$ cat input-v7.cif   # mmCIF, N, CA and C atoms and all ligand atoms
data_query
#
loop_
_atom_site.label_atom_id
_atom_site.label_comp_id
_atom_site.auth_asym_id
_atom_site.auth_seq_id
_atom_site.Cartn_x
_atom_site.Cartn_y
_atom_site.Cartn_z
N MET A 184 0.84 -1.20 0.00
CA MET A 184 0.00 0.00 0.00
C MET A 184 0.88 1.26 0.00
N VAL A 185 0.49 2.22 -0.81
CA VAL A 185 1.29 3.44 -0.94
C VAL A 185 0.65 4.57 -0.14
N GLY A 186 1.44 5.30 0.56
CA GLY A 186 0.97 6.44 1.35
C GLY A 186 2.05 7.49 1.46
N THR A 187 2.04 8.20 2.57
CA THR A 187 2.98 9.30 2.76
C THR A 187 3.69 9.17 4.10
N VAL A 188 4.99 9.27 4.06
CA VAL A 188 5.74 9.39 5.32
C VAL A 188 5.81 10.86 5.66
N TYR A 189 5.63 11.17 6.94
CA TYR A 189 5.63 12.58 7.35
C TYR A 189 6.49 12.74 8.59
N LEU A 190 7.00 13.95 8.74
CA LEU A 190 7.88 14.27 9.86
C LEU A 190 7.29 15.42 10.66
N LEU A 191 7.05 15.19 11.94
CA LEU A 191 6.59 16.26 12.83
C LEU A 191 7.79 16.78 13.62
N HIS A 192 7.91 18.10 13.66
CA HIS A 192 9.00 18.75 14.42
C HIS A 192 8.39 19.42 15.64
N PHE A 193 8.84 19.05 16.83
CA PHE A 193 8.28 19.61 18.07
C PHE A 193 8.88 20.98 18.35
N ASP A 194 8.06 21.89 18.89
CA ASP A 194 8.54 23.23 19.26
C ASP A 194 9.56 23.16 20.39
N ALA A 195 9.43 22.15 21.24
CA ALA A 195 10.36 21.97 22.35
C ALA A 195 10.63 20.49 22.47
N PRO A 196 11.83 20.11 22.93
CA PRO A 196 12.12 18.67 23.05
C PRO A 196 11.28 18.04 24.14
N PHE A 197 10.89 16.79 23.90
CA PHE A 197 10.22 16.01 24.94
C PHE A 197 11.18 14.89 25.31
N GLY A 198 11.86 15.03 26.46
CA GLY A 198 12.95 14.10 26.76
C GLY A 198 14.01 14.25 25.68
N HIS A 199 14.33 13.14 25.01
CA HIS A 199 15.29 13.22 23.92
C HIS A 199 14.60 13.38 22.58
N ALA A 200 13.27 13.33 22.58
CA ALA A 200 12.54 13.33 21.31
C ALA A 200 12.26 14.76 20.85
N LYS A 201 12.62 15.03 19.61
CA LYS A 201 12.29 16.33 19.04
C LYS A 201 11.49 16.17 17.74
N HIS A 202 11.30 14.92 17.32
CA HIS A 202 10.60 14.64 16.07
C HIS A 202 9.74 13.40 16.21
N TYR A 203 8.74 13.34 15.32
CA TYR A 203 7.98 12.10 15.19
C TYR A 203 7.90 11.78 13.70
N THR A 204 8.25 10.57 13.35
CA THR A 204 8.14 10.12 11.96
C THR A 204 7.00 9.12 11.88
N GLY A 205 6.09 9.33 10.93
CA GLY A 205 4.96 8.42 10.77
C GLY A 205 4.66 8.17 9.30
N TRP A 206 3.70 7.28 9.07
CA TRP A 206 3.27 6.95 7.71
C TRP A 206 1.74 6.89 7.73
N SER A 207 1.12 7.37 6.67
CA SER A 207 -0.33 7.25 6.56
C SER A 207 -0.77 7.24 5.11
N ALA A 208 -1.85 6.49 4.84
CA ALA A 208 -2.44 6.50 3.50
C ALA A 208 -3.38 7.70 3.36
N ASP A 209 -3.71 8.34 4.48
CA ASP A 209 -4.60 9.51 4.46
C ASP A 209 -4.02 10.55 5.41
N LEU A 210 -3.08 11.32 4.90
CA LEU A 210 -2.32 12.23 5.76
C LEU A 210 -3.18 13.25 6.49
N PRO A 211 -4.13 13.93 5.83
CA PRO A 211 -4.94 14.90 6.58
C PRO A 211 -5.68 14.27 7.75
N ALA A 212 -6.23 13.07 7.54
CA ALA A 212 -6.93 12.37 8.63
C ALA A 212 -5.98 12.03 9.76
N ARG A 213 -4.79 11.56 9.39
CA ARG A 213 -3.81 11.17 10.39
C ARG A 213 -3.34 12.38 11.21
N LEU A 214 -3.11 13.52 10.54
CA LEU A 214 -2.65 14.72 11.23
C LEU A 214 -3.75 15.24 12.16
N ALA A 215 -4.99 15.13 11.73
CA ALA A 215 -6.10 15.56 12.59
C ALA A 215 -6.17 14.70 13.84
N GLU A 216 -5.88 13.40 13.70
CA GLU A 216 -5.84 12.51 14.87
C GLU A 216 -4.76 12.95 15.84
N HIS A 217 -3.58 13.26 15.31
CA HIS A 217 -2.49 13.74 16.17
C HIS A 217 -2.93 15.02 16.88
N GLU A 218 -3.54 15.95 16.12
CA GLU A 218 -3.97 17.23 16.69
C GLU A 218 -4.97 17.02 17.81
N ALA A 219 -5.78 15.99 17.68
CA ALA A 219 -6.81 15.70 18.68
C ALA A 219 -6.25 14.91 19.86
N GLY A 220 -4.93 14.68 19.86
CA GLY A 220 -4.30 13.97 20.97
C GLY A 220 -4.43 12.46 20.86
N ARG A 221 -4.72 11.97 19.65
CA ARG A 221 -4.76 10.52 19.44
C ARG A 221 -3.69 10.15 18.41
N GLY A 222 -3.68 8.89 18.04
CA GLY A 222 -2.87 8.50 16.87
C GLY A 222 -1.55 7.86 17.19
N ALA A 223 -0.84 8.32 18.21
CA ALA A 223 0.46 7.72 18.55
C ALA A 223 0.79 8.08 19.98
N ARG A 224 1.42 7.16 20.68
CA ARG A 224 1.74 7.38 22.10
C ARG A 224 2.61 8.63 22.26
N LEU A 225 3.62 8.79 21.42
CA LEU A 225 4.54 9.92 21.58
C LEU A 225 3.82 11.26 21.40
N THR A 226 3.00 11.38 20.34
CA THR A 226 2.32 12.65 20.12
C THR A 226 1.27 12.89 21.20
N GLU A 227 0.72 11.82 21.78
CA GLU A 227 -0.22 11.96 22.91
C GLU A 227 0.45 12.63 24.10
N VAL A 228 1.61 12.09 24.50
CA VAL A 228 2.28 12.63 25.69
C VAL A 228 2.87 14.01 25.41
N VAL A 229 3.31 14.23 24.17
CA VAL A 229 3.82 15.54 23.79
C VAL A 229 2.70 16.58 23.84
N CYS A 230 1.53 16.17 23.34
CA CYS A 230 0.34 17.02 23.38
C CYS A 230 -0.02 17.35 24.83
N ASP A 231 0.00 16.33 25.70
CA ASP A 231 -0.32 16.52 27.13
C ASP A 231 0.67 17.47 27.80
N ALA A 232 1.91 17.46 27.32
CA ALA A 232 2.95 18.31 27.92
C ALA A 232 2.84 19.75 27.42
N GLY A 233 1.88 20.00 26.52
CA GLY A 233 1.68 21.36 26.02
C GLY A 233 2.65 21.77 24.93
N ILE A 234 3.35 20.78 24.36
CA ILE A 234 4.30 21.08 23.28
C ILE A 234 3.57 21.03 21.94
N ARG A 235 3.81 22.03 21.08
CA ARG A 235 3.19 22.07 19.77
C ARG A 235 4.16 21.49 18.75
N TRP A 236 3.65 21.20 17.55
CA TRP A 236 4.53 20.70 16.48
C TRP A 236 4.12 21.28 15.15
N VAL A 237 5.01 21.16 14.19
CA VAL A 237 4.68 21.52 12.81
C VAL A 237 4.96 20.31 11.93
N LEU A 238 4.19 20.20 10.87
CA LEU A 238 4.49 19.19 9.85
C LEU A 238 5.66 19.76 9.06
N SER A 239 6.83 19.19 9.21
CA SER A 239 7.99 19.83 8.59
C SER A 239 8.36 19.20 7.26
N ARG A 240 7.91 17.97 7.00
CA ARG A 240 8.29 17.37 5.72
C ARG A 240 7.40 16.18 5.42
N THR A 241 7.19 15.93 4.12
CA THR A 241 6.44 14.75 3.69
C THR A 241 7.22 14.04 2.58
N TRP A 242 7.05 12.73 2.53
CA TRP A 242 7.59 11.90 1.44
C TRP A 242 6.39 11.15 0.85
N PRO A 243 5.76 11.70 -0.18
CA PRO A 243 4.56 11.05 -0.74
C PRO A 243 4.94 9.84 -1.60
N GLY A 244 3.95 8.95 -1.78
CA GLY A 244 4.13 7.84 -2.72
C GLY A 244 5.08 6.76 -2.24
N VAL A 245 5.09 6.50 -0.93
CA VAL A 245 5.99 5.48 -0.39
C VAL A 245 5.19 4.49 0.48
N THR A 246 5.80 3.34 0.73
CA THR A 246 5.16 2.34 1.58
C THR A 246 5.67 2.49 3.02
N ARG A 247 5.08 1.70 3.92
CA ARG A 247 5.49 1.71 5.32
C ARG A 247 6.95 1.33 5.49
N ASP A 248 7.48 0.54 4.54
CA ASP A 248 8.88 0.13 4.64
C ASP A 248 9.81 1.35 4.67
N TYR A 249 9.41 2.39 3.94
CA TYR A 249 10.23 3.60 3.90
C TYR A 249 10.27 4.27 5.27
N GLU A 250 9.11 4.29 5.94
CA GLU A 250 9.07 4.82 7.32
C GLU A 250 10.01 4.03 8.21
N ARG A 251 9.94 2.70 8.09
CA ARG A 251 10.79 1.85 8.94
C ARG A 251 12.27 2.12 8.67
N SER A 252 12.63 2.29 7.39
CA SER A 252 14.05 2.50 7.10
C SER A 252 14.51 3.87 7.62
N LEU A 253 13.64 4.89 7.53
CA LEU A 253 14.01 6.21 8.08
C LEU A 253 14.19 6.13 9.59
N LYS A 254 13.28 5.39 10.26
CA LYS A 254 13.37 5.27 11.71
C LYS A 254 14.63 4.51 12.13
N ARG A 255 14.98 3.47 11.33
CA ARG A 255 16.19 2.70 11.62
C ARG A 255 17.43 3.60 11.52
N GLN A 256 17.43 4.49 10.51
CA GLN A 256 18.59 5.36 10.31
C GLN A 256 18.73 6.38 11.44
N GLY A 257 17.61 6.77 12.06
CA GLY A 257 17.66 7.78 13.12
C GLY A 257 18.04 9.14 12.57
N GLY A 258 18.41 10.07 13.46
CA GLY A 258 18.88 11.39 13.03
C GLY A 258 17.86 12.18 12.25
N ALA A 259 16.62 12.26 12.77
CA ALA A 259 15.55 12.96 12.06
C ALA A 259 15.90 14.43 11.77
N ALA A 260 16.70 15.05 12.62
CA ALA A 260 17.07 16.46 12.44
C ALA A 260 17.80 16.68 11.12
N ARG A 261 18.50 15.64 10.63
CA ARG A 261 19.25 15.78 9.37
C ARG A 261 18.32 15.77 8.16
N ARG A 262 17.06 15.43 8.37
CA ARG A 262 16.07 15.43 7.28
C ARG A 262 15.03 16.53 7.45
N CYS A 263 15.18 17.34 8.51
CA CYS A 263 14.08 18.22 8.92
C CYS A 263 14.27 19.67 8.48
N PRO A 264 13.38 20.19 7.61
CA PRO A 264 13.50 21.59 7.19
C PRO A 264 13.41 22.56 8.38
N ALA A 265 12.60 22.20 9.40
CA ALA A 265 12.49 23.08 10.56
C ALA A 265 13.78 23.11 11.36
N CYS A 266 14.68 22.18 11.09
CA CYS A 266 16.01 22.16 11.72
C CYS A 266 17.07 22.70 10.77
N GLY A 267 16.65 23.26 9.63
CA GLY A 267 17.60 23.92 8.74
C GLY A 267 17.96 23.19 7.46
N VAL A 268 17.35 22.01 7.22
CA VAL A 268 17.61 21.26 5.99
C VAL A 268 16.71 21.80 4.88
N HIS A 269 17.18 21.84 3.65
CA HIS A 269 16.39 22.38 2.55
C HIS A 269 16.14 21.34 1.45
N PRO A 270 15.12 20.50 1.61
CA PRO A 270 14.83 19.49 0.59
C PRO A 270 14.11 20.12 -0.60
N ARG A 271 14.06 19.39 -1.71
CA ARG A 271 13.27 19.84 -2.86
C ARG A 271 11.79 19.76 -2.49
N PRO A 272 10.96 20.66 -3.08
CA PRO A 272 9.52 20.59 -2.76
C PRO A 272 8.94 19.24 -3.16
N ALA A 273 8.02 18.74 -2.34
CA ALA A 273 7.34 17.48 -2.63
C ALA A 273 6.33 17.69 -3.75
N PRO A 274 6.08 16.66 -4.59
CA PRO A 274 5.06 16.82 -5.64
C PRO A 274 3.67 16.98 -5.04
N LEU A 275 2.79 17.69 -5.75
CA LEU A 275 1.43 17.90 -5.27
C LEU A 275 0.64 16.60 -5.35
N SER A 276 -0.26 16.41 -4.41
CA SER A 276 -1.14 15.25 -4.41
C SER A 276 -2.52 15.67 -4.91
N PRO A 277 -3.24 14.81 -5.65
CA PRO A 277 -4.62 15.16 -6.05
C PRO A 277 -5.55 15.23 -4.84
N HIS A 278 -5.18 14.62 -3.73
CA HIS A 278 -6.07 14.53 -2.57
C HIS A 278 -5.80 15.59 -1.52
N TRP A 279 -4.58 16.03 -1.43
CA TRP A 279 -4.25 17.05 -0.43
C TRP A 279 -3.03 17.78 -0.94
N SER A 280 -2.81 18.98 -0.40
CA SER A 280 -1.61 19.73 -0.74
C SER A 280 -1.15 20.52 0.47
N ALA A 281 0.11 20.85 0.47
CA ALA A 281 0.66 21.67 1.54
C ALA A 281 1.47 22.79 0.89
N VAL A 282 1.35 23.97 1.44
CA VAL A 282 2.17 25.09 0.98
C VAL A 282 3.53 24.95 1.63
N LEU A 283 4.57 25.04 0.82
CA LEU A 283 5.91 24.94 1.37
C LEU A 283 6.45 26.34 1.64
N VAL A 284 6.80 26.62 2.88
CA VAL A 284 7.40 27.88 3.28
C VAL A 284 8.77 27.57 3.87
N ASN A 285 9.81 28.13 3.24
CA ASN A 285 11.18 27.82 3.67
C ASN A 285 11.42 26.31 3.71
N GLY A 286 10.81 25.60 2.78
CA GLY A 286 10.99 24.15 2.73
C GLY A 286 10.12 23.40 3.71
N CYS A 287 9.38 24.12 4.57
CA CYS A 287 8.51 23.46 5.54
C CYS A 287 7.09 23.38 4.98
N ALA A 288 6.45 22.23 5.14
CA ALA A 288 5.07 22.07 4.70
C ALA A 288 4.14 22.69 5.74
N VAL A 289 3.37 23.69 5.32
CA VAL A 289 2.40 24.32 6.22
C VAL A 289 1.08 24.45 5.48
N ASN A 290 0.05 24.85 6.17
CA ASN A 290 -1.27 25.09 5.57
C ASN A 290 -1.75 23.89 4.75
N LEU A 291 -1.72 22.74 5.34
CA LEU A 291 -2.16 21.54 4.64
C LEU A 291 -3.65 21.62 4.34
N GLU A 292 -4.00 21.35 3.10
CA GLU A 292 -5.40 21.41 2.68
C GLU A 292 -5.83 20.08 2.09
N ALA A 293 -7.12 19.78 2.21
CA ALA A 293 -7.69 18.60 1.59
C ALA A 293 -9.02 18.99 0.96
N GLU A 294 -9.47 18.14 0.00
CA GLU A 294 -10.73 18.43 -0.67
C GLU A 294 -11.87 17.72 0.04
N CYS A 295 -12.94 18.47 0.37
CA CYS A 295 -14.14 17.89 0.96
C CYS A 295 -14.83 17.02 -0.08
N ARG A 296 -15.22 15.80 0.31
CA ARG A 296 -15.83 14.89 -0.66
C ARG A 296 -17.23 15.31 -1.02
N ARG A 297 -17.83 16.22 -0.21
CA ARG A 297 -19.20 16.62 -0.49
C ARG A 297 -19.26 17.94 -1.28
N CYS A 298 -18.63 19.00 -0.74
CA CYS A 298 -18.72 20.30 -1.42
C CYS A 298 -17.57 20.51 -2.41
N LYS A 299 -16.60 19.59 -2.43
CA LYS A 299 -15.48 19.64 -3.36
C LYS A 299 -14.59 20.87 -3.19
N GLN A 300 -14.77 21.58 -2.07
CA GLN A 300 -13.91 22.73 -1.81
C GLN A 300 -12.66 22.27 -1.07
N ARG A 301 -11.59 22.96 -1.35
CA ARG A 301 -10.35 22.67 -0.62
C ARG A 301 -10.34 23.50 0.66
N LYS A 302 -10.09 22.83 1.78
CA LYS A 302 -10.13 23.52 3.07
C LYS A 302 -8.94 23.07 3.92
N PRO A 303 -8.58 23.90 4.90
CA PRO A 303 -7.51 23.48 5.81
C PRO A 303 -7.94 22.23 6.57
N ILE A 304 -7.00 21.38 6.92
CA ILE A 304 -7.37 20.11 7.56
C ILE A 304 -8.12 20.33 8.86
N PHE A 305 -7.95 21.51 9.48
CA PHE A 305 -8.63 21.74 10.76
C PHE A 305 -10.14 21.90 10.55
N ALA A 306 -10.58 22.10 9.31
CA ALA A 306 -12.01 22.17 9.02
C ALA A 306 -12.62 20.78 8.94
N PHE A 307 -11.79 19.74 9.15
CA PHE A 307 -12.29 18.37 9.01
C PHE A 307 -12.32 17.61 10.34
N LEU A 308 -11.99 18.28 11.42
CA LEU A 308 -11.91 17.58 12.70
C LEU A 308 -13.22 16.89 13.04
N GLY A 309 -13.11 15.66 13.52
CA GLY A 309 -14.29 14.95 13.98
C GLY A 309 -14.86 14.01 12.94
N ASN A 310 -14.60 14.26 11.67
CA ASN A 310 -15.13 13.35 10.65
C ASN A 310 -14.07 13.11 9.58
N THR A 311 -12.84 12.95 10.05
CA THR A 311 -11.73 12.88 9.11
C THR A 311 -11.72 11.60 8.28
N ARG A 312 -12.36 10.55 8.77
CA ARG A 312 -12.35 9.30 8.01
C ARG A 312 -13.08 9.47 6.68
N ARG A 313 -14.24 10.14 6.75
CA ARG A 313 -15.01 10.32 5.53
C ARG A 313 -14.56 11.56 4.76
N ARG A 314 -13.71 12.35 5.40
CA ARG A 314 -13.20 13.60 4.86
C ARG A 314 -14.32 14.49 4.31
N ILE A 315 -15.27 14.75 5.16
CA ILE A 315 -16.33 15.70 4.86
C ILE A 315 -16.13 16.87 5.82
N CYS A 316 -16.18 18.10 5.30
CA CYS A 316 -15.86 19.25 6.13
C CYS A 316 -16.95 19.47 7.17
N THR A 317 -16.62 20.23 8.22
CA THR A 317 -17.57 20.43 9.31
C THR A 317 -18.80 21.19 8.82
N THR A 318 -18.62 22.10 7.86
CA THR A 318 -19.76 22.85 7.31
C THR A 318 -20.77 21.89 6.68
N CYS A 319 -20.28 20.98 5.83
CA CYS A 319 -21.17 20.02 5.17
C CYS A 319 -21.76 19.04 6.19
N ALA A 320 -20.95 18.63 7.17
CA ALA A 320 -21.43 17.66 8.17
C ALA A 320 -22.55 18.27 9.02
N ASP A 321 -22.49 19.59 9.25
CA ASP A 321 -23.47 20.26 10.09
C ASP A 321 -24.73 20.66 9.32
N ALA A 322 -24.63 20.71 7.99
CA ALA A 322 -25.75 21.20 7.18
C ALA A 322 -26.92 20.23 7.24
N PRO A 323 -28.18 20.78 7.24
CA PRO A 323 -29.35 19.90 7.20
C PRO A 323 -29.40 19.09 5.91
N ALA A 324 -30.14 17.98 5.92
CA ALA A 324 -30.19 17.08 4.78
C ALA A 324 -30.62 17.78 3.51
N SER A 325 -31.58 18.73 3.62
CA SER A 325 -32.08 19.42 2.44
C SER A 325 -30.98 20.20 1.74
N VAL A 326 -30.08 20.80 2.55
CA VAL A 326 -28.98 21.56 1.99
C VAL A 326 -27.97 20.61 1.34
N ARG A 327 -27.78 19.46 2.00
CA ARG A 327 -26.82 18.48 1.48
C ARG A 327 -27.22 17.99 0.10
N ALA A 328 -28.53 17.81 -0.10
CA ALA A 328 -29.01 17.28 -1.39
C ALA A 328 -28.81 18.29 -2.51
N ALA A 329 -28.77 19.59 -2.15
CA ALA A 329 -28.67 20.64 -3.16
C ALA A 329 -27.31 20.60 -3.86
ZN ZN B 401 13.30 19.42 13.22
ZN ZN B 402 -17.77 20.45 2.44
#
$ encode --input "input-v7.cif" --output "structure tokens"
Amino acid sequence: MVGTVYLLHFDAPFGHAKHYTGWSADLPARLAEHEAGRGARLTEVVCDAGIRWVLSRTWPGVTRDYERSLKRQGGAARRCPACGVHPRPAPLSPHWSAVLVNGCAVNLEAECRRCKQRKPIFAFLGNTRRRICTTCADAPASVRAA
């Protein structure tokens, strides 16, 4: 299965950890889970400690094996734009996109399956599996049919 490896850079170190490397077939949904304090033990405890993070890099079109090999290599800071590394911009995805600022992926957007509008991933909290935006999810049935 092909998905995206992503790198989270913490604003402050948590113990020795300053990064989280993960893989997902649905990156916006996965990032929303992290934001909500779910998804991985490390991001849970980091979230509880009040530490924020940024999505600093993505590797689209790879399998979980790539995540494992990156984790085996260690040294996430050597791959991290937020730590001063300047990778080439990642290719755009038909399903989601991120604006690259100084090589860092920010403003991640995804397309709502109902209204087809592109919105920031934070507009999808709570229903990220179906990737329907909160506006569409809250709308009455009559509006939805329109
Ligand atoms: Zn970093
Ligand atoms: Zn929508």
$ atom_distance --input "input-v7.cif" --atom1 "atom N of A:Cys298" --atom2 "atom CA of A:Arg313"
11.3 Å
$ closest_atom_pairs --input "input-v7.cif" --of "chain A" --to "ligand ZN 402 (chain B)" --cutoff "5 Å" --atoms "all atoms listed in the file" --output "JSON lines"
{"residue": "A:Cys295", "atom": "CA", "partner": "B:ZN402", "partner_atom": "ZN", "distance": 4.7}
{"residue": "A:Arg297", "atom": "C", "partner": "B:ZN402", "partner_atom": "ZN", "distance": 4.7}
{"residue": "A:Cys298", "atom": "N", "partner": "B:ZN402", "partner_atom": "ZN", "distance": 3.6}
{"residue": "A:Cys316", "atom": "N", "partner": "B:ZN402", "partner_atom": "ZN", "distance": 4.0}
{"residue": "A:Cys319", "atom": "N", "partner": "B:ZN402", "partner_atom": "ZN", "distance": 4.3}
$ closest_atom_pairs --input "input-v7.cif" --of "chain A" --to "ligand ZN 401 (chain B)" --cutoff "6.5 Å" --atoms "only N, CA and C atoms and all ligand atoms" --output "JSON lines"
{"residue": "A:Leu191", "atom": "C", "partner": "B:ZN401", "partner_atom": "ZN", "distance": 6.1}
{"residue": "A:His192", "atom": "CA", "partner": "B:ZN401", "partner_atom": "ZN", "distance": 4.5}
{"residue": "A:Phe193", "atom": "N", "partner": "B:ZN401", "partner_atom": "ZN", "distance": 5.7}
{"residue": "A:Lys201", "atom": "C", "partner": "B:ZN401", "partner_atom": "ZN", "distance": 5.9}
{"residue": "A:His202", "atom": "CA", "partner": "B:ZN401", "partner_atom": "ZN", "distance": 6.2}
{"residue": "A:Ala259", "atom": "C", "partner": "B:ZN401", "partner_atom": "ZN", "distance": 5.8}
{"residue": "A:Ala260", "atom": "CA", "partner": "B:ZN401", "partner_atom": "ZN", "distance": 4.9}
{"residue": "A:Cys263", "atom": "CA", "partner": "B:ZN401", "partner_atom": "ZN", "distance": 4.5}
{"residue": "A:Pro264", "atom": "N", "partner": "B:ZN401", "partner_atom": "ZN", "distance": 5.7}
{"residue": "A:Ala265", "atom": "C", "partner": "B:ZN401", "partner_atom": "ZN", "distance": 4.2}
{"residue": "A:Cys266", "atom": "N", "partner": "B:ZN401", "partner_atom": "ZN", "distance": 3.7}
{"residue": "A:Gly267", "atom": "N", "partner": "B:ZN401", "partner_atom": "ZN", "distance": 6.2}
$ residues_around --input "input-v7.cif" --residues "stretch 244-258 of chain A" --least-positions-apart "3" --cutoff "6 Å" --atoms "only N, CA and C atoms" --output "list in words"
Met184, Val185, Gly186, Thr187, Val188, Gly205, Arg261 and Arg262 of chain A
$ atom_distance --input "input-v7.cif" --atom1 "atom CA of A:Ala219" --atom2 "atom CA of A:Leu291"
15.9 Å
$ closest_residue --input "input-v7.cif" --among "A:Ala215, A:Asp209, A:Gly233, A:Ala223" --to "A:Ala195" --atoms "only C-alpha atoms"
A:Gly233
$ atom_distance --input "input-v7.cif" --atom1 "atom N of A:Glu227" --atom2 "atom N of A:Leu190"
14.6 Å
$ residues_around --input "input-v7.cif" --residues "A:Cys230" --least-positions-apart "4" --cutoff "9 Å" --atoms "only C-alpha atoms" --output "NGL selection string"
:A and (217-220 or 225-226 or 234-236)
$ residues_around --input "input-v7.cif" --residues "A:Thr317" --least-positions-apart "4" --cutoff "5 Å" --atoms "all atoms listed in the file" --output "list in words"
Ala306, Phe307 and Asp321 of chain A
$ select_by_dssp --input "input-v7.cif" --residues "stretch 198-268 of chain A" --states "alpha helix (DSSP H)" --output "PyMOL selection string"
chain A and resi 210-218+224-231+247-256
$ closest_residue --input "input-v7.cif" --among "A:Leu214, A:Ala293, A:Trp206, A:Lys302" --to "A:Trp242" --atoms "only C-alpha atoms"
A:Trp206
$ decode --input "input-v7.cif" --residues "stretch 199-217 of chain A" --atoms "N, CA and C atoms" --output "compact mmCIF listing (two decimals), in the first residue's frame"
# COMPACT_ATOMS: atom_id res chain seq x y z
N HIS A 199 14.33 13.14 25.01
CA HIS A 199 15.29 13.22 23.92
C HIS A 199 14.60 13.38 22.58
N ALA A 200 13.27 13.33 22.58
CA ALA A 200 12.54 13.33 21.31
C ALA A 200 12.26 14.76 20.85
N LYS A 201 12.62 15.03 19.61
CA LYS A 201 12.29 16.33 19.04
C LYS A 201 11.49 16.17 17.74
N HIS A 202 11.30 14.92 17.32
CA HIS A 202 10.60 14.64 16.07
C HIS A 202 9.74 13.40 16.21
N TYR A 203 8.74 13.34 15.32
CA TYR A 203 7.98 12.10 15.19
C TYR A 203 7.90 11.78 13.70
N THR A 204 8.25 10.57 13.35
CA THR A 204 8.14 10.12 11.96
C THR A 204 7.00 9.12 11.88
N GLY A 205 6.09 9.33 10.93
CA GLY A 205 4.96 8.42 10.77
C GLY A 205 4.66 8.17 9.30
N TRP A 206 3.70 7.28 9.07
CA TRP A 206 3.27 6.95 7.71
C TRP A 206 1.74 6.89 7.73
N SER A 207 1.12 7.37 6.67
CA SER A 207 -0.33 7.25 6.56
C SER A 207 -0.77 7.24 5.11
N ALA A 208 -1.85 6.49 4.84
CA ALA A 208 -2.44 6.50 3.50
C ALA A 208 -3.38 7.70 3.36
N ASP A 209 -3.71 8.34 4.48
CA ASP A 209 -4.60 9.51 4.46
C ASP A 209 -4.02 10.55 5.41
N LEU A 210 -3.08 11.32 4.90
CA LEU A 210 -2.32 12.23 5.76
C LEU A 210 -3.18 13.25 6.49
N PRO A 211 -4.13 13.93 5.83
CA PRO A 211 -4.94 14.90 6.58
C PRO A 211 -5.68 14.27 7.75
N ALA A 212 -6.23 13.07 7.54
CA ALA A 212 -6.93 12.37 8.63
C ALA A 212 -5.98 12.03 9.76
N ARG A 213 -4.79 11.56 9.39
CA ARG A 213 -3.81 11.17 10.39
C ARG A 213 -3.34 12.38 11.21
N LEU A 214 -3.11 13.52 10.54
CA LEU A 214 -2.65 14.72 11.23
C LEU A 214 -3.75 15.24 12.16
N ALA A 215 -4.99 15.13 11.73
CA ALA A 215 -6.10 15.56 12.59
C ALA A 215 -6.17 14.70 13.84
N GLU A 216 -5.88 13.40 13.70
CA GLU A 216 -5.84 12.51 14.87
C GLU A 216 -4.76 12.95 15.84
N HIS A 217 -3.58 13.26 15.31
CA HIS A 217 -2.49 13.74 16.17
C HIS A 217 -2.93 15.02 16.88
